[in-house]
file input39.txt (compact mmCIF, C-alpha atoms)
# COMPACT_ATOMS: atom_id res chain seq x y z
CA MET O 1283 28.93 8.94 34.88
CA THR O 1284 31.83 11.34 35.57
CA PRO O 1285 32.82 12.31 39.14
CA SER O 1286 32.94 16.08 39.68
CA ASP O 1287 35.63 18.00 41.54
CA VAL O 1288 32.79 19.75 43.37
CA LYS O 1289 31.37 18.08 46.49
CA ALA O 1290 27.94 18.60 48.06
CA THR O 1291 28.17 19.38 51.77
CA LEU O 1292 25.28 18.32 53.96
CA SER O 1293 25.14 20.17 57.27
CA PHE O 1294 22.77 19.72 60.24
CA SER O 1295 21.39 22.39 62.57
CA ASP O 1296 21.43 20.00 65.56
CA GLY O 1297 25.22 20.05 65.85
CA SER O 1298 25.81 16.72 64.07
CA PRO O 1299 28.98 16.79 61.95
CA SER O 1300 28.51 17.82 58.33
CA ILE O 1301 29.44 15.36 55.57
CA ASP O 1302 30.66 15.71 52.00
CA LEU O 1303 28.78 13.81 49.31
CA PRO O 1304 30.21 13.06 45.84
CA LEU O 1305 28.70 14.84 42.84
CA TYR O 1306 28.42 13.15 39.43
CA LYS O 1307 27.93 14.78 36.04
CA GLY O 1308 26.00 13.13 33.23
CA SER O 1309 26.75 13.88 29.57
CA ILE O 1310 23.72 16.21 29.60
CA GLY O 1311 21.10 17.03 32.21
CA PRO O 1312 21.22 17.73 35.95
CA ASP O 1313 24.13 16.63 38.15
CA VAL O 1314 23.37 14.01 40.80
CA ILE O 1315 24.42 13.84 44.45
CA ASP O 1316 25.58 10.36 45.42
CA ILE O 1317 23.84 9.53 48.72
CA ARG O 1318 24.69 5.82 48.85
CA LYS O 1319 26.81 6.25 52.00
CA LEU O 1320 24.39 8.66 53.69
CA TYR O 1321 22.80 6.08 56.00
CA GLY O 1322 26.13 4.57 56.97
CA GLN O 1323 27.59 7.98 57.86
CA THR O 1324 24.54 9.66 59.41
CA GLY O 1325 21.98 6.95 60.25
CA LYS O 1326 19.46 8.92 58.13
CA PHE O 1327 17.62 8.19 54.88
CA THR O 1328 16.35 10.67 52.30
CA TYR O 1329 12.59 11.03 51.81
CA ASP O 1330 11.34 11.46 48.25
CA PRO O 1331 7.79 10.13 47.60
CA GLY O 1332 7.28 9.47 43.89
CA PHE O 1333 11.06 9.81 43.33
CA LEU O 1334 10.68 13.38 42.08
CA SER O 1335 14.31 14.22 42.85
CA THR O 1336 15.96 10.79 42.89
CA ALA O 1337 17.99 9.11 40.14
CA SER O 1338 17.55 5.35 40.64
CA CYS O 1339 20.18 4.39 38.07
CA ASN O 1340 22.59 5.73 35.48
CA SER O 1341 21.50 5.09 31.91
CA THR O 1342 22.66 5.70 28.33
CA ILE O 1343 19.33 4.97 26.65
CA THR O 1344 16.88 7.88 26.79
CA TYR O 1345 17.18 11.54 27.75
CA ILE O 1346 14.31 13.96 28.33
CA ASP O 1347 14.62 17.71 28.81
CA GLY O 1348 11.17 18.63 30.06
CA ASP O 1349 11.75 22.38 29.94
CA LYS O 1350 12.90 22.33 26.31
CA GLY O 1351 10.40 19.66 25.26
CA GLU O 1352 13.21 17.40 24.02
CA LEU O 1353 13.29 13.60 23.80
CA LEU O 1354 16.42 11.71 22.69
CA TYR O 1355 16.85 7.97 22.10
CA ARG O 1356 20.59 7.21 22.40
CA GLY O 1357 21.22 10.87 21.55
CA TYR O 1358 18.98 10.98 18.44
CA PRO O 1359 16.05 13.47 18.53
CA ILE O 1360 12.66 11.76 18.42
CA GLU O 1361 11.62 14.03 15.52
CA GLN O 1362 14.44 12.72 13.29
CA LEU O 1363 13.80 9.09 14.23
CA ALA O 1364 10.05 9.38 13.63
CA GLU O 1365 10.56 10.98 10.21
CA GLN O 1366 13.55 8.99 8.90
CA CYS O 1367 13.44 5.54 10.53
CA ASP O 1368 11.03 2.66 10.97
CA PHE O 1369 10.22 0.99 14.27
CA LEU O 1370 12.61 -1.96 13.89
CA GLU O 1371 15.51 0.42 13.24
CA VAL O 1372 14.58 2.19 16.48
CA CYS O 1373 14.41 -1.19 18.24
CA HIS O 1374 17.95 -1.95 17.04
CA LEU O 1375 19.06 1.48 18.27
CA LEU O 1376 17.58 1.00 21.75
CA ILE O 1377 18.87 -2.55 22.23
CA TYR O 1378 22.31 -2.34 20.60
CA GLY O 1379 23.11 1.35 21.07
CA ASP O 1380 23.15 2.57 17.46
CA LEU O 1381 21.14 2.68 14.27
CA PRO O 1382 21.86 -0.28 11.98
CA ASP O 1383 23.57 -0.04 8.59
CA ALA O 1384 21.89 -1.80 5.66
CA GLU O 1385 23.48 -5.19 6.43
CA HIS O 1386 22.67 -5.15 10.15
CA ARG O 1387 19.17 -3.84 9.46
CA ALA O 1388 18.42 -6.73 7.08
CA LYS O 1389 19.78 -9.25 9.60
CA PHE O 1390 17.78 -7.78 12.50
CA VAL O 1391 14.54 -7.58 10.48
CA LYS O 1392 15.00 -11.23 9.42
CA THR O 1393 15.59 -12.33 13.03
CA ILE O 1394 12.48 -10.54 14.32
CA THR O 1395 10.36 -11.75 11.39
CA ASN O 1396 11.37 -15.35 12.06
CA HIS O 1397 10.24 -15.09 15.70
CA THR O 1398 6.72 -13.67 15.12
CA MET O 1399 4.79 -16.93 15.51
CA VAL O 1400 3.85 -18.07 19.01
CA ASN O 1401 3.56 -21.60 20.35
CA GLU O 1402 0.23 -23.07 19.21
CA GLN O 1403 -0.59 -23.92 22.84
CA MET O 1404 -0.98 -20.16 23.50
CA GLN O 1405 -4.35 -20.39 21.73
CA PHE O 1406 -5.62 -22.84 24.35
CA PHE O 1407 -4.22 -20.72 27.16
CA LEU O 1408 -6.09 -17.73 25.70
CA ARG O 1409 -9.36 -19.66 25.71
CA GLY O 1410 -9.28 -19.73 29.51
CA PHE O 1411 -10.17 -16.02 29.55
CA ARG O 1412 -13.72 -14.71 29.25
CA ARG O 1413 -14.44 -13.18 25.84
CA ASP O 1414 -15.20 -9.83 27.45
CA ALA O 1415 -11.97 -9.70 29.51
CA HIS O 1416 -10.04 -6.43 29.26
CA PRO O 1417 -7.19 -6.83 26.73
CA MET O 1418 -4.66 -5.71 29.35
CA ALA O 1419 -5.81 -8.47 31.72
CA VAL O 1420 -5.28 -10.92 28.87
CA MET O 1421 -1.89 -9.43 27.91
CA THR O 1422 -0.58 -9.58 31.48
CA GLY O 1423 -1.34 -13.30 31.49
CA LEU O 1424 -0.05 -14.02 27.97
CA VAL O 1425 3.27 -12.22 28.41
CA GLY O 1426 3.86 -13.86 31.77
CA ALA O 1427 3.05 -17.24 30.20
CA LEU O 1428 5.79 -16.83 27.59
CA SER O 1429 8.35 -17.98 30.17
CA ALA O 1430 6.49 -21.30 30.37
CA PHE O 1431 6.70 -21.77 26.60
CA TYR O 1432 10.19 -20.39 26.01
CA HIS O 1433 12.08 -21.48 29.12
CA ASP O 1434 15.26 -21.98 27.07
CA SER O 1435 15.90 -18.21 27.19
CA THR O 1436 15.01 -17.31 30.78
CA ASP O 1437 18.48 -17.07 32.39
CA VAL O 1438 18.71 -13.34 32.92
CA GLN O 1439 22.44 -13.59 33.73
CA ASN O 1440 23.20 -15.09 30.33
CA PRO O 1441 23.70 -12.32 27.70
CA ARG O 1442 22.72 -14.64 24.84
CA HIS O 1443 19.54 -15.67 26.66
CA ARG O 1444 18.69 -12.01 27.20
CA GLU O 1445 19.20 -11.28 23.50
CA ILE O 1446 17.02 -14.20 22.40
CA ALA O 1447 14.32 -13.18 24.90
CA ALA O 1448 14.51 -9.61 23.54
CA HIS O 1449 14.03 -10.81 19.96
CA ARG O 1450 11.16 -13.07 20.99
CA LEU O 1451 9.34 -10.37 22.96
CA ILE O 1452 9.64 -7.71 20.24
CA ALA O 1453 8.52 -10.21 17.59
CA LYS O 1454 5.67 -11.86 19.49
CA MET O 1455 4.00 -8.86 21.14
CA PRO O 1456 2.12 -7.83 17.94
CA THR O 1457 0.95 -11.44 17.51
CA LEU O 1458 -0.28 -11.62 21.12
CA VAL O 1459 -2.07 -8.23 20.95
CA ALA O 1460 -3.79 -9.24 17.70
CA MET O 1461 -4.75 -12.63 19.18
CA ALA O 1462 -6.23 -10.94 22.27
CA TYR O 1463 -8.25 -8.62 19.98
CA LYS O 1464 -9.49 -11.40 17.68
CA TYR O 1465 -10.45 -13.57 20.66
CA GLY O 1466 -12.47 -10.73 22.17
CA ILE O 1467 -14.49 -10.16 18.99
CA GLY O 1468 -14.88 -13.85 18.16
CA GLN O 1469 -12.90 -13.85 14.92
CA PRO O 1470 -10.29 -16.44 13.90
CA TYR O 1471 -6.63 -15.67 14.61
CA ILE O 1472 -4.58 -14.52 11.66
CA TYR O 1473 -1.07 -15.94 11.52
CA PRO O 1474 1.94 -13.67 10.84
CA LYS O 1475 3.08 -13.23 7.26
CA ASN O 1476 6.86 -13.01 6.77
CA SER O 1477 6.67 -11.02 3.54
CA LEU O 1478 5.22 -7.98 5.34
CA SER O 1479 6.94 -5.32 7.44
CA TYR O 1480 6.59 -5.40 11.23
CA SER O 1481 3.80 -2.80 11.32
CA ALA O 1482 2.01 -4.01 8.15
CA ASN O 1483 2.06 -7.53 9.60
CA PHE O 1484 0.46 -6.25 12.80
CA MET O 1485 -2.28 -4.42 10.86
CA ARG O 1486 -3.00 -7.59 8.88
CA MET O 1487 -3.17 -9.78 12.00
CA MET O 1488 -5.56 -7.24 13.52
CA PHE O 1489 -7.91 -6.56 10.63
CA ALA O 1490 -7.69 -9.41 8.10
CA THR O 1491 -10.16 -12.29 7.98
CA PRO O 1492 -9.89 -15.61 6.10
CA CYS O 1493 -12.70 -14.46 3.78
CA GLU O 1494 -10.58 -12.15 1.63
CA GLU O 1495 -7.09 -10.83 1.02
CA TYR O 1496 -6.04 -7.92 3.20
CA GLU O 1497 -4.30 -5.00 1.51
CA PRO O 1498 -2.35 -2.85 4.00
CA ASN O 1499 -2.91 0.91 3.63
CA ASP O 1500 0.57 2.50 3.56
CA VAL O 1501 -0.57 5.66 5.35
CA LEU O 1502 -2.14 3.69 8.19
CA VAL O 1503 0.85 1.32 8.44
CA ARG O 1504 3.18 4.30 8.69
CA ALA O 1505 0.90 5.85 11.33
CA ILE O 1506 0.98 2.74 13.54
CA ASP O 1507 4.74 2.51 13.00
CA ARG O 1508 5.10 6.10 14.21
CA ILE O 1509 2.93 5.38 17.26
CA PHE O 1510 5.31 2.51 18.07
CA ILE O 1511 8.39 4.76 17.68
CA LEU O 1512 6.96 7.56 19.83
CA HIS O 1513 6.13 5.13 22.65
CA ALA O 1514 9.25 2.93 22.44
CA ASP O 1515 10.92 4.35 25.55
CA HIS O 1516 10.50 7.25 27.93
CA GLU O 1517 13.26 7.12 30.51
CA GLN O 1518 12.52 6.01 34.12
CA ASN O 1519 8.71 6.16 34.13
CA ALA O 1520 6.51 3.99 36.37
CA SER O 1521 6.38 0.88 34.16
CA THR O 1522 10.08 1.04 33.24
CA SER O 1523 11.00 1.42 36.90
CA THR O 1524 8.73 -1.57 37.62
CA VAL O 1525 10.55 -3.69 35.02
CA ARG O 1526 13.93 -2.67 36.48
CA LEU O 1527 12.82 -3.35 40.06
CA CYS O 1528 11.25 -6.68 39.13
CA GLY O 1529 14.29 -7.67 37.05
CA SER O 1530 16.68 -6.71 39.85
CA SER O 1531 15.59 -9.86 41.72
CA GLY O 1532 17.01 -11.97 38.90
CA THR O 1533 13.61 -13.02 37.56
CA ASN O 1534 13.31 -13.99 33.90
CA PRO O 1535 12.80 -11.30 31.22
CA PHE O 1536 9.26 -12.46 30.36
CA ALA O 1537 8.12 -12.09 33.98
CA ALA O 1538 9.77 -8.65 34.27
CA ILE O 1539 8.04 -7.44 31.08
CA ALA O 1540 4.69 -8.84 32.32
CA ALA O 1541 5.16 -6.70 35.45
CA GLY O 1542 5.67 -3.69 33.16
CA VAL O 1543 2.45 -4.51 31.29
CA ALA O 1544 0.56 -4.68 34.60
CA CYS O 1545 1.93 -1.29 35.71
CA LEU O 1546 1.17 0.31 32.35
CA TRP O 1547 -2.48 -0.67 32.70
CA GLY O 1548 -3.05 2.13 35.25
CA PRO O 1549 -5.12 5.08 33.94
CA ALA O 1550 -2.49 7.59 35.11
CA HIS O 1551 0.09 5.87 32.88
CA GLY O 1552 -0.81 3.84 29.79
CA GLY O 1553 -4.53 4.52 30.03
CA ALA O 1554 -4.16 8.27 29.55
CA ASN O 1555 -4.88 8.22 25.79
CA GLU O 1556 -8.12 6.36 26.48
CA ALA O 1557 -9.06 9.02 29.06
CA ALA O 1558 -8.26 11.84 26.61
CA LEU O 1559 -10.46 10.33 23.90
CA SER O 1560 -13.30 9.76 26.40
CA MET O 1561 -13.08 13.44 27.39
CA LEU O 1562 -13.37 14.56 23.75
CA GLU O 1563 -16.34 12.23 23.19
CA ASP O 1564 -18.06 13.63 26.31
CA ILE O 1565 -17.61 17.23 25.07
CA GLN O 1566 -18.89 16.18 21.64
CA ARG O 1567 -22.01 14.58 23.16
CA ASN O 1568 -22.69 17.72 25.18
CA GLY O 1569 -22.63 20.19 22.32
CA GLY O 1570 -19.20 19.88 20.68
CA VAL O 1571 -17.10 22.90 19.67
CA GLU O 1572 -19.87 25.33 20.62
CA LYS O 1573 -19.73 24.19 24.24
CA ILE O 1574 -15.95 24.28 24.70
CA GLY O 1575 -16.20 27.58 26.59
CA GLU O 1576 -18.45 25.97 29.21
CA PHE O 1577 -16.13 22.98 29.47
CA ILE O 1578 -13.09 25.24 30.02
CA LYS O 1579 -14.99 27.09 32.76
CA GLN O 1580 -15.65 23.82 34.55
CA VAL O 1581 -11.96 22.80 34.24
CA LYS O 1582 -10.93 26.07 35.91
CA ASP O 1583 -13.53 25.74 38.66
CA LYS O 1584 -11.86 24.35 41.79
CA ASN O 1585 -15.16 22.89 42.98
CA SER O 1586 -15.77 21.03 39.71
CA THR O 1587 -14.83 17.36 39.16
CA VAL O 1588 -14.21 17.96 35.44
CA LYS O 1589 -10.60 17.32 34.41
CA LEU O 1590 -8.66 18.29 31.30
CA MET O 1591 -7.15 15.05 29.95
CA GLY O 1592 -4.32 14.85 27.42
CA PHE O 1593 -2.70 18.08 28.61
CA GLY O 1594 0.32 18.51 30.84
CA HIS O 1595 2.95 15.92 31.69
CA ARG O 1596 4.92 14.85 34.76
CA VAL O 1597 8.22 15.59 32.95
CA TYR O 1598 7.45 17.94 30.04
CA LYS O 1599 6.93 21.58 31.00
CA ASN O 1600 6.83 22.53 27.34
CA TYR O 1601 5.04 21.13 24.28
CA ASP O 1602 5.52 17.35 24.26
CA PRO O 1603 7.65 16.70 21.12
CA ARG O 1604 5.72 13.48 20.53
CA ALA O 1605 2.44 15.42 20.45
CA LYS O 1606 3.63 17.54 17.49
CA LEU O 1607 4.49 14.40 15.52
CA MET O 1608 1.21 12.70 16.46
CA ARG O 1609 -0.70 15.79 15.37
CA GLU O 1610 0.92 15.53 11.90
CA THR O 1611 0.04 11.84 11.77
CA CYS O 1612 -3.53 12.70 12.75
CA HIS O 1613 -3.83 14.99 9.71
CA GLU O 1614 -2.36 12.32 7.39
CA VAL O 1615 -4.56 9.48 8.64
CA LEU O 1616 -7.82 11.44 8.64
CA GLY O 1617 -6.98 12.80 5.18
CA ALA O 1618 -6.24 9.32 3.80
CA LEU O 1619 -9.50 7.96 5.22
CA GLY O 1620 -11.58 10.92 4.04
CA LEU O 1621 -12.25 11.96 7.63
CA GLY O 1622 -10.79 15.48 7.37
CA ASN O 1623 -14.01 16.85 8.87
CA ASP O 1624 -13.95 14.41 11.78
CA PRO O 1625 -15.77 16.26 14.60
CA LEU O 1626 -13.49 14.91 17.32
CA PHE O 1627 -10.38 16.12 15.49
CA LYS O 1628 -11.94 19.57 14.96
CA LEU O 1629 -12.84 19.60 18.63
CA ALA O 1630 -9.29 18.61 19.60
CA MET O 1631 -7.81 21.40 17.45
CA ALA O 1632 -10.18 23.97 18.96
CA LEU O 1633 -9.41 22.79 22.50
CA GLU O 1634 -5.67 22.87 21.82
CA LYS O 1635 -5.90 26.43 20.44
CA ILE O 1636 -7.69 27.67 23.57
CA ALA O 1637 -5.27 25.88 25.89
CA LEU O 1638 -2.23 27.35 24.12
CA GLU O 1639 -3.62 30.89 24.35
CA ASP O 1640 -5.52 30.93 27.65
CA GLU O 1641 -3.44 32.39 30.49
CA TYR O 1642 -4.78 29.77 32.94
CA PHE O 1643 -3.27 26.91 30.94
CA VAL O 1644 -0.15 28.77 29.76
CA ALA O 1645 0.77 29.73 33.34
CA ARG O 1646 0.41 26.09 34.42
CA LYS O 1647 2.32 24.84 31.35
CA LEU O 1648 -0.57 22.58 30.35
CA TYR O 1649 0.49 21.80 26.80
CA PRO O 1650 -0.99 18.91 24.77
CA ASN O 1651 0.81 15.60 25.33
CA VAL O 1652 1.13 12.57 23.05
CA ASP O 1653 -2.04 11.01 24.49
CA PHE O 1654 -4.16 13.91 23.26
CA TYR O 1655 -3.82 12.96 19.58
CA SER O 1656 -2.86 9.26 19.65
CA GLY O 1657 -6.38 8.22 20.71
CA ILE O 1658 -7.92 9.99 17.70
CA VAL O 1659 -5.40 8.33 15.35
CA GLN O 1660 -5.98 4.85 16.74
CA ARG O 1661 -9.75 5.29 16.67
CA ALA O 1662 -9.56 6.34 13.00
CA ILE O 1663 -7.39 3.31 12.16
CA GLY O 1664 -10.07 1.07 13.68
CA ILE O 1665 -8.40 0.12 16.95
CA PRO O 1666 -11.00 -0.10 19.75
CA VAL O 1667 -10.46 2.08 22.84
CA SER O 1668 -10.03 -0.96 25.10
CA LEU O 1669 -6.94 -1.96 23.07
CA PHE O 1670 -5.12 1.41 23.26
CA THR O 1671 -3.04 0.47 26.29
CA ALA O 1672 -2.13 -2.91 24.79
CA ILE O 1673 -0.76 -1.07 21.72
CA PHE O 1674 1.26 1.11 24.12
CA ALA O 1675 2.61 -2.04 25.83
CA LEU O 1676 3.57 -3.51 22.46
CA ALA O 1677 5.57 -0.39 21.61
CA ARG O 1678 7.14 0.06 25.05
CA THR O 1679 8.35 -3.57 25.24
CA VAL O 1680 11.59 -2.71 23.43
CA GLY O 1681 12.32 0.12 25.88
CA TRP O 1682 11.65 -2.15 28.84
CA ILE O 1683 14.00 -4.78 27.43
CA ALA O 1684 16.76 -2.26 26.71
CA GLN O 1685 16.47 -0.85 30.25
CA LEU O 1686 16.42 -4.33 31.81
CA ASN O 1687 19.48 -5.46 29.86
CA GLU O 1688 21.33 -2.26 30.75
CA MET O 1689 20.61 -2.80 34.45
CA ILE O 1690 21.71 -6.47 34.42
CA GLY O 1691 24.96 -5.46 32.69
CA ASP O 1692 25.68 -2.69 35.22
CA PRO O 1693 28.34 -3.84 37.74
CA GLU O 1694 26.79 -1.51 40.35
CA TYR O 1695 23.29 -2.96 40.13
CA LYS O 1696 21.76 -4.51 43.23
CA ILE O 1697 18.30 -5.84 44.04
CA GLY O 1698 16.01 -2.84 44.50
CA ARG O 1699 15.14 -2.14 48.11
CA PRO O 1700 13.62 1.31 48.80
CA ARG O 1701 13.68 2.61 52.38
CA GLN O 1702 10.77 4.14 54.28
CA LEU O 1703 9.84 6.71 56.88
CA TYR O 1704 8.03 4.62 59.49
CA ALA O 1705 5.21 6.50 61.23
CA GLY O 1706 3.36 3.60 62.90
CA SER O 1707 3.19 2.44 66.52
CA ALA O 1708 6.37 2.12 68.55
CA ARG O 1709 7.21 -1.31 70.01
CA ARG O 1710 4.42 -2.67 72.19
CA ASP O 1711 3.62 -5.97 73.85
CA VAL O 1712 0.72 -8.28 73.05
CA LYS O 1713 -1.77 -8.52 75.91
CA ALA O 1714 -3.74 -11.63 76.74
CA LEU O 1715 -7.10 -11.83 74.97
CA ALA O 1716 -9.06 -11.03 78.16
CA GLN O 1717 -7.05 -7.85 78.72
CA ARG O 1718 -7.34 -6.29 75.23
call {"tool": "encode", "arguments": {"input": "input39.txt", "output": "C-alpha cells"}}
result
Amino acid sequence: MTPSDVKATLSFSDGSPSIDLPLYKGSIGPDVIDIRKLYGQTGKFTYDPGFLSTASCNSTITYIDGDKGELLYRGYPIEQLAEQCDFLEVCHLLIYGDLPDAEHRAKFVKTITNHTMVNEQMQFFLRGFRRDAHPMAVMTGLVGALSAFYHDSTDVQNPRHREIAAHRLIAKMPTLVAMAYKYGIGQPYIYPKNSLSYSANFMRMMFATPCEEYEPNDVLVRAIDRIFILHADHEQNASTSTVRLCGSSGTNPFAAIAAGVACLWGPAHGGANEAALSMLEDIQRNGGVEKIGEFIKQVKDKNSTVKLMGFGHRVYKNYDPRAKLMRETCHEVLGALGLGNDPLFKLAMALEKIALEDEYFVARKLYPNVDFYSGIVQRAIGIPVSLFTAIFALARTVGWIAQLNEMIGDPEYKIGRPRQLYAGSARRDVKALAQR
C-alpha cells in the first residue's frame, strides 16, 4: 500500500472546515481514500451498506477486475492456473505467496496427504445428526468441532499453529464432505488413500464402496480439481469477510472457518449454482429449448417472479473468466461420460447464446457466471445438488485460511467493529407500568 502525493479533500456545505484525507495506491486497481481519522476530525461516519465502496483491508492475495473479467491469484491469471496447475499447487500459492518448485511441491503434497484422516471420534459426532440433515448443516458442525479434536493448533497468534491448522483444514475438508455424504445415503465411510492425488482421493471417498475397487476417471478427477481451483478464493466476498471478522476477535482458525461455511450456505452466495441448476431443470420440465423464448419473456417482465439464475455477478461486469473455463470442463466431462447430448447442457448453451445476443441482457451486462456451468458438471459427475455448496466450502477453505493468516499478520489489524447510522427513538424514560 503506497501513499500518494495526492490528497482527497472533503468539504462541507454547512460551513464546517474541510479536511484532507490520505490517498493510497495499490499495485493495480482503484486508489483508496483513508478515512480512519474521519470520525476523530469531523464526528461523522461514512455510510456504505453492503460495503460497495469500502476497502476493509489491504491484501496481496486475490485481485479482480470486474470490467475486464479478470481474476488473479497472487498475480497469476486464473486461466493459466486452471490449465497448468493442480489444486494443491494453487493452495501452496495462496498460503505461501508463490507456486512451489518440484521439491516444495512434493513436500507440501506429502504434508497434506498425511493429514487427510480425521479423529475416529468424528464418526460418533456425525451420528448425532439426522440422516436427512442438509450437508451444510452437518459441515458447519463438523468444521467447528475440529477445534475440540485438534486443540493443539488453535492459538491464532502462533504462526506455527496457524500453519498446522491450515494444513489440517485443507487436508480434512474432503474427508469431512465425503463422510457427510456417505452418512446421508447410509453407506459406510471410505478412508483416505495416500497413494492417490488430492482430488482422486476425494472422488474415491465419495463414490467407492467396500464391495469393489474404485478406479478414478482421470477426466472427472481433473474436472473436480478445476472446480476446486476456480473456487479457491475470490477476494473480499461475504464468507471471506465473515472469516476475517470472526478471526479478528482472536478466535481459533477452525471456528473462523466454520463461520465462513455458515455464511457460504446462503443461496445468494454458495447456493447460487444449485439455484442455476434448478432453473435449468424447471425450463426443461416446461418444454425445454423450445420454450426458452417464453422463459426469457417472463424474465424481462417486471411483474413476473421468474428470475434468471447463473447470470450476472456482483463484481464482474464482463464474462466471468471462471465461467469460460467451466464451460470447457462441461464439454470434457459430458464427452467422457457419453452425455454430449445432455438436454440440460444443450439448454444451457441455447440460453447463454440468447443472453449474449439479446439487447436486454447485454445492456445489463448479464453474462454467464461460474455457477451457470458448475452445477451441470457436478451433476454429471454424480454429486447430488444438496452437496454443491459443501464442495464450494471445501474449495474455498484455502482462500479463507490465506485471508485469515494475512489479517493476523497485518500490524494494522484490529477487531472488526463496523459503525451504524442510528435511526431509532431518541432517549426516553421508562414509565411506570400503570402509565404506559
call {"tool": "residues_around", "arguments": {"input": "input39.txt", "residues": "Leu1381 in chain O", "least_positions_apart": "5", "cutoff": "7 Å", "atoms": "all atoms listed in the file", "output": "list of chain:residue names"}}
result
O:Glu1371, O:Val1372, O:His1374, O:Leu1375
call {"tool": "atom_distance", "arguments": {"input": "input39.txt", "atom1": "CA of Lys1307 in chain O", "atom2": "CA of Arg1356 in chain O"}}
result
17.2 Å
call {"tool": "closest_residue", "arguments": {"input": "input39.txt", "among": "O:Ile1360, O:Val1680, O:Leu1527, O:Ile1377", "to": "Ser1338 in chain O", "atoms": "all atoms listed in the file"}}
result
O:Leu1527
call {"tool": "residues_near_point", "arguments": {"input": "input39.txt", "point": "(10.3, -8.3, 27.2)", "cutoff": "9 Å", "atoms": "only C-alpha atoms", "output": "ChimeraX atom specification"}}
result
/O:1425,1447-1452,1455,1535-1540,1542,1679-1684,1686
call {"tool": "residues_around", "arguments": {"input": "input39.txt", "residues": "Thr1344 in chain O", "least_positions_apart": "4", "cutoff": "6 Å", "atoms": "all atoms listed in the file", "output": "number ranges by chain"}}
result
O: 1354-1356, 1517
call {"tool": "write_last_selection", "arguments": {"input": "input39.txt", "atoms": "C-alpha atoms", "output": "compact mmCIF listing (two decimals), in the coordinates of the input"}}
result
# COMPACT_ATOMS: atom_id res chain seq x y z
CA LEU O 1354 16.42 11.71 22.69
CA TYR O 1355 16.85 7.97 22.10
CA ARG O 1356 20.59 7.21 22.40
CA GLU O 1517 13.26 7.12 30.51
call {"tool": "atom_distance", "arguments": {"input": "input39.txt", "atom1": "CA of Leu1676 in chain O", "atom2": "CA of Pro1456 in chain O"}}
result
6.4 Å
call {"tool": "residues_around", "arguments": {"input": "input39.txt", "residues": "Asp1349 in chain O", "least_positions_apart": "2", "cutoff": "8 Å", "atoms": "all atoms listed in the file", "output": "list of chain:residue names"}}
result
O:Asp1347, O:Gly1351, O:Glu1352, O:Tyr1598, O:Lys1599, O:Asn1600
call {"tool": "atom_distance", "arguments": {"input": "input39.txt", "atom1": "CA of Gly1620 in chain O", "atom2": "CA of Phe1489 in chain O"}}
result
19.0 Å
call {"tool": "closest_atom_pairs", "arguments": {"input": "input39.txt", "of": "range 1472-1545 of chain O", "to": "range 1637-1657 of chain O", "cutoff": "12 Å", "atoms": "only C-alpha atoms", "output": "Markdown table"}}
result
| residue | atom | partner | partner_atom | distance |
| --- | --- | --- | --- | --- |
| O:Ala1505 | CA | O:Ser1656 | CA | 9.7 |
| O:Ile1506 | CA | O:Ser1656 | CA | 9.7 |
| O:Arg1508 | CA | O:Ser1656 | CA | 10.1 |
| O:Ile1509 | CA | O:Ser1656 | CA | 7.4 |
| O:Phe1510 | CA | O:Ser1656 | CA | 10.7 |
| O:Ile1511 | CA | O:Val1652 | CA | 11.9 |
| O:Leu1512 | CA | O:Val1652 | CA | 8.3 |
| O:His1513 | CA | O:Val1652 | CA | 9.0 |
| O:His1516 | CA | O:Val1652 | CA | 11.8 |
call {"tool": "residues_around", "arguments": {"input": "input39.txt", "residues": "range 1617-1619 of chain O", "least_positions_apart": "6", "cutoff": "9 Å", "atoms": "all atoms listed in the file", "output": "PyMOL selection string"}}
result
chain O and resi 1501-1502+1662-1663
call {"tool": "write_last_selection", "arguments": {"input": "input39.txt", "atoms": "C-alpha atoms", "output": "mmCIF file, in the frame of the given file"}}
result
data_model
loop_
_atom_site.group_PDB
_atom_site.id
_atom_site.type_symbol
_atom_site.label_atom_id
_atom_site.label_comp_id
_atom_site.auth_asym_id
_atom_site.auth_seq_id
_atom_site.Cartn_x
_atom_site.Cartn_y
_atom_site.Cartn_z
ATOM 1 C CA VAL O 1501 -0.570 5.660 5.350
ATOM 2 C CA LEU O 1502 -2.140 3.690 8.190
ATOM 3 C CA ALA O 1662 -9.560 6.340 13.000
ATOM 4 C CA ILE O 1663 -7.390 3.310 12.160
#
call {"tool": "residues_around", "arguments": {"input": "input39.txt", "residues": "Phe1411 in chain O", "least_positions_apart": "6", "cutoff": "12 Å", "atoms": "all atoms listed in the file", "output": "ChimeraX atom specification"}}
result
/O:1404-1405,1417-1424,1462,1465-1466
call {"tool": "build_atoms", "arguments": {"input": "input39.txt", "residues": "range 1559-1566 of chain O", "atoms": "N, CA and C atoms", "output": "mmCIF file, in the frame of the given file"}}
result
data_model
loop_
_atom_site.group_PDB
_atom_site.id
_atom_site.type_symbol
_atom_site.label_atom_id
_atom_site.label_comp_id
_atom_site.auth_asym_id
_atom_site.auth_seq_id
_atom_site.Cartn_x
_atom_site.Cartn_y
_atom_site.Cartn_z
ATOM 1 N N LEU O 1559 -9.436 10.543 24.928
ATOM 2 C CA LEU O 1559 -10.460 10.330 23.900
ATOM 3 C C LEU O 1559 -11.860 10.349 24.530
ATOM 4 N N SER O 1560 -12.000 9.758 25.698
ATOM 5 C CA SER O 1560 -13.300 9.760 26.400
ATOM 6 C C SER O 1560 -13.742 11.186 26.707
ATOM 7 N N MET O 1561 -12.776 12.035 27.103
ATOM 8 C CA MET O 1561 -13.080 13.440 27.390
ATOM 9 C C MET O 1561 -13.615 14.137 26.136
ATOM 10 N N LEU O 1562 -12.939 13.924 25.003
ATOM 11 C CA LEU O 1562 -13.370 14.560 23.750
ATOM 12 C C LEU O 1562 -14.769 14.075 23.363
ATOM 13 N N GLU O 1563 -15.014 12.784 23.544
ATOM 14 C CA GLU O 1563 -16.340 12.230 23.190
ATOM 15 C C GLU O 1563 -17.429 12.809 24.097
ATOM 16 N N ASP O 1564 -17.100 13.025 25.384
ATOM 17 C CA ASP O 1564 -18.060 13.630 26.310
ATOM 18 C C ASP O 1564 -18.416 15.054 25.883
ATOM 19 N N ILE O 1565 -17.373 15.835 25.518
ATOM 20 C CA ILE O 1565 -17.610 17.230 25.070
ATOM 21 C C ILE O 1565 -18.469 17.208 23.815
ATOM 22 N N GLN O 1566 -18.158 16.273 22.893
ATOM 23 C CA GLN O 1566 -18.890 16.180 21.640
ATOM 24 C C GLN O 1566 -20.371 15.874 21.896
#
